[in-house]
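Participant: The file below is data12.txt, compact mmCIF, C-alpha atoms:
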# COMPACT_ATOMS: atom_id res chain seq x y z
CA MET A 1 76.24 -40.07 64.59
CA THR A 2 77.23 -39.30 61.03
CA VAL A 3 77.22 -41.86 58.30
CA PRO A 4 80.21 -41.74 55.95
CA ARG A 5 79.30 -40.93 52.36
CA THR A 6 79.87 -43.88 50.06
CA SER A 7 79.03 -42.17 46.77
CA PRO A 8 79.98 -38.77 45.39
CA GLY A 9 77.57 -35.85 45.90
CA ILE A 10 75.12 -34.65 43.31
CA ASP A 11 77.57 -31.98 42.19
CA GLN A 12 79.82 -34.78 40.89
CA HIS A 13 77.04 -36.52 38.93
CA PRO A 14 78.05 -37.09 35.27
CA ASP A 15 75.00 -35.28 33.90
CA ILE A 16 75.68 -32.21 36.07
CA LEU A 17 79.32 -32.19 34.99
CA ALA A 18 78.29 -32.50 31.33
CA LEU A 19 75.80 -29.64 31.72
CA ARG A 20 78.44 -27.40 33.29
CA ALA A 21 80.94 -28.25 30.56
CA HIS A 22 78.33 -27.49 27.91
CA SER A 23 77.49 -24.16 29.55
CA GLU A 24 81.15 -23.16 29.69
CA GLU A 25 81.60 -24.19 26.06
CA THR A 26 78.52 -22.22 25.00
CA THR A 27 79.55 -18.97 26.66
CA ALA A 28 83.17 -19.25 25.51
CA THR A 29 82.30 -18.88 21.82
CA PRO A 30 82.94 -15.49 20.22
CA ALA A 31 79.35 -15.37 18.94
CA ALA A 32 77.90 -15.81 22.43
CA GLN A 33 80.24 -13.20 23.86
CA ALA A 34 79.34 -10.75 21.08
CA VAL A 35 75.61 -11.25 21.62
CA GLU A 36 76.02 -10.80 25.36
CA ALA A 37 78.02 -7.59 24.83
CA ILE A 38 75.39 -6.20 22.44
CA ALA A 39 72.63 -7.09 24.90
CA LEU A 40 74.48 -5.40 27.75
CA LEU A 41 75.00 -2.27 25.63
CA CYS A 42 71.28 -2.28 24.78
CA GLY A 43 70.42 -2.24 28.47
CA VAL A 44 72.84 0.60 29.18
CA TYR A 45 71.55 2.58 26.17
CA LEU A 46 67.93 2.01 27.21
CA ALA A 47 68.68 3.31 30.71
CA ALA A 48 70.43 6.40 29.33
CA SER A 49 68.19 6.97 26.28
CA PRO A 50 66.04 9.75 27.80
CA TRP A 51 69.14 11.90 28.12
CA ILE A 52 70.79 10.73 24.89
CA VAL A 53 67.72 11.20 22.68
CA GLY A 54 66.36 14.18 24.59
CA PHE A 55 63.03 13.15 26.07
CA SER A 56 64.04 13.39 29.72
CA GLY A 57 61.20 15.89 30.19
CA ALA A 58 58.74 13.01 29.77
CA THR A 59 59.30 11.79 33.31
CA THR A 60 57.13 8.67 33.18
CA LEU A 61 58.87 7.27 30.10
CA SER A 62 62.27 8.39 31.39
CA ILE A 63 61.84 6.55 34.68
CA ASN A 64 60.40 3.54 32.86
CA ASN A 65 63.40 3.38 30.50
CA LEU A 66 65.87 3.83 33.35
CA ILE A 67 64.37 0.98 35.39
CA THR A 68 63.84 -1.30 32.38
CA GLY A 69 67.35 -0.65 31.05
CA VAL A 70 69.01 -1.41 34.39
CA ALA A 71 66.90 -4.57 34.79
CA PHE A 72 67.74 -5.73 31.26
CA ALA A 73 71.46 -5.09 31.76
CA CYS A 74 71.43 -6.99 35.06
CA LEU A 75 69.61 -9.94 33.50
CA VAL A 76 71.92 -10.31 30.53
CA GLY A 77 75.03 -9.47 32.54
CA GLY A 78 74.82 -12.78 34.37
CA PHE A 79 75.02 -14.97 31.27
CA GLY A 80 78.78 -14.96 30.88
CA PRO A 81 79.93 -16.00 34.34
CA ALA A 82 76.99 -18.27 35.24
CA TYR A 83 75.20 -19.34 32.07
CA GLU A 84 74.06 -22.69 33.46
CA ARG A 85 72.09 -20.91 36.18
CA THR A 86 70.94 -17.82 34.25
CA HIS A 87 70.11 -18.88 30.68
CA SER A 88 66.39 -19.10 31.51
CA SER A 89 66.51 -15.38 32.36
CA SER A 90 66.70 -14.67 28.64
CA TRP A 91 62.92 -15.19 28.50
CA ALA A 92 62.47 -12.45 31.10
CA ALA A 93 64.83 -10.28 29.03
CA LEU A 94 62.61 -10.97 26.01
CA GLY A 95 59.63 -9.72 27.99
CA LEU A 96 61.51 -6.55 28.91
CA GLY A 97 62.36 -6.01 25.25
CA ALA A 98 58.71 -6.39 24.26
CA TRP A 99 57.71 -3.99 27.04
CA THR A 100 60.25 -1.47 25.75
CA ILE A 101 58.57 -1.50 22.34
CA MET A 102 55.08 -0.90 23.80
CA ALA A 103 56.01 1.44 26.67
CA PRO A 104 55.70 4.83 24.92
CA TRP A 105 52.04 4.15 24.22
CA ILE A 106 51.19 2.43 27.52
CA VAL A 107 53.12 4.30 30.21
CA SER A 108 51.12 7.53 30.22
CA GLY A 109 48.37 6.79 27.74
CA HIS A 110 49.62 8.90 24.86
CA ALA A 111 52.46 8.77 22.38
CA PHE A 112 55.59 10.74 23.14
CA ILE A 113 57.76 12.59 20.69
CA THR A 114 58.82 10.72 17.58
CA ALA A 115 62.44 10.38 18.72
CA ALA A 116 61.34 8.61 21.90
CA ASN A 117 59.06 6.27 19.97
CA VAL A 118 61.73 5.39 17.41
CA SER A 119 64.39 4.94 20.08
CA ASN A 120 62.24 2.63 22.17
CA VAL A 121 61.05 0.56 19.20
CA VAL A 122 64.55 0.10 17.77
CA VAL A 123 66.24 -0.73 21.08
CA GLY A 124 63.28 -2.95 22.01
CA ILE A 125 63.64 -4.95 18.80
CA VAL A 126 67.39 -5.32 19.35
CA CYS A 127 66.76 -6.38 22.97
CA CYS A 128 64.26 -9.02 21.80
CA LEU A 129 66.63 -10.34 19.15
CA THR A 130 69.57 -10.59 21.54
CA ALA A 131 67.41 -12.26 24.21
CA LEU A 132 66.22 -14.81 21.65
CA ALA A 133 69.79 -15.38 20.52
CA LEU A 134 70.94 -15.92 24.11
CA ALA A 135 68.08 -18.35 24.70
CA GLY A 136 68.94 -20.12 21.46
CA PHE A 137 72.51 -20.76 22.51
CA GLY A 138 71.28 -22.94 25.36
CA VAL A 139 68.34 -24.59 23.58
CA VAL A 140 69.75 -25.49 20.18
CA ARG A 141 73.23 -26.53 21.21
CA GLY A 142 72.00 -27.98 24.53
CA THR A 143 69.63 -30.38 22.83
CA ARG A 144 72.32 -31.80 20.59
CA GLY A 145 74.99 -31.70 23.28
CA MET A 146 73.00 -33.55 25.93
CA ALA A 147 71.69 -36.13 23.46
CA GLY A 148 75.25 -36.90 22.42
CA ALA A 149 76.37 -37.10 26.04
CA ARG A 150 73.82 -39.80 26.87
CA ARG A 151 74.83 -42.16 24.08
Mind turning the file's structure into structure tokens?
Facilitator:
Amino acid sequence: MTVPRTSPGIDQHPDILALRAHSEETTATPAAQAVEAIALLCGVYLAASPWIVGFSGATTLSINNLITGVAFACLVGGFGPAYERTHSSSWAALGLGAWTIMAPWIVSGHAFITAANVSNVVVGIVCCLTALALAGFGVVRGTRGMAGARR
């Protein structure tokens, strides 16, 4: 025997609705969309960088950059359509950006050509900055937004 539901489900709870509205508002700003686009381009560039910069002969770093770039692009690609469920992934994206900076020296135990080092360090720094910016959109505005919603 089923019992009729007398109250709305959890998906209709006022706090959940406020969180969803805040997430939609956060990702709808031009700044958030620009940061997400830059982050996505960083991931695509990182995946293609061995062939763009010309160090595809260094197979370990090439494979590392391909996998890391695809993973980064997939992580940041989910922010726009589902920010409320994916904003915590920006911390994983930050880790991938930090790994990108260190990878030329760690992957095979020796430094690669200067172009590979510079490319990885620059794109790694940009990846870290965009990941921090994406995390900041949820943290800074979320703190103020939720505090105002409870009053």
Participant: Given the choices A:Asn117, A:Ser89, A:Gln33, A:Ser62, which gets closest to Ser49 of chain A if the distance is worked out from all atoms listed in the file?
Facilitator: A:Ser62
Participant: Taking all atoms listed in the file into account, which of A:Val53, A:Val126, A:Val35, A:Ala47 comes nearest Thr114 of chain A?
Facilitator: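 Residue with the minimum atom-to-atom distance to Thr114 of chain A: A:Val53.
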Participant: So how many Å separate atom CA of Ala37 of chain A and atom CA of Ala73 of chain A, to one decimal?
Facilitator: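 Computing the Euclidean distance for atom CA of Ala37 of chain A and atom CA of Ala73 of chain A yields 9.9 Å.
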Participant: Suppose you want the space between atom CA of Leu94 of chain A and atom CA of Ile106 of chain A; what is it in Å?
Facilitator: 17.7 Å
Participant: Please write as a PyMOL selection string the list of polymer residues whose atoms come within 12 Å of (62.6, -8.0, 29.8), counting only C-alpha atoms and keeping to the coordinates of the file.
Facilitator: chain A and resi 39+42-43+46+65+67-76+88-103+123-132
Participant: To one decimal place in Å, what is the distance between atom CA of Leu61 of chain A and atom CA of Val44 of chain A?
Facilitator: 15.5 Å
Participant: Point out the residue among A:Ala135, A:Pro104, A:Ile38, A:Ala115 with the least atom-to-atom distance to Thr59 of chain A, counting only C-alpha atoms.
Facilitator: A:Pro104
Participant: Give me, as a ChimeraX atom specification, all polymer residues having an atom no more than 12 Å from Ile113 of chain A, counting only C-alpha atoms and skipping those fewer than 5 positions away in the same chain.
Facilitator: /A:50,53-58,61,104-105,118-120
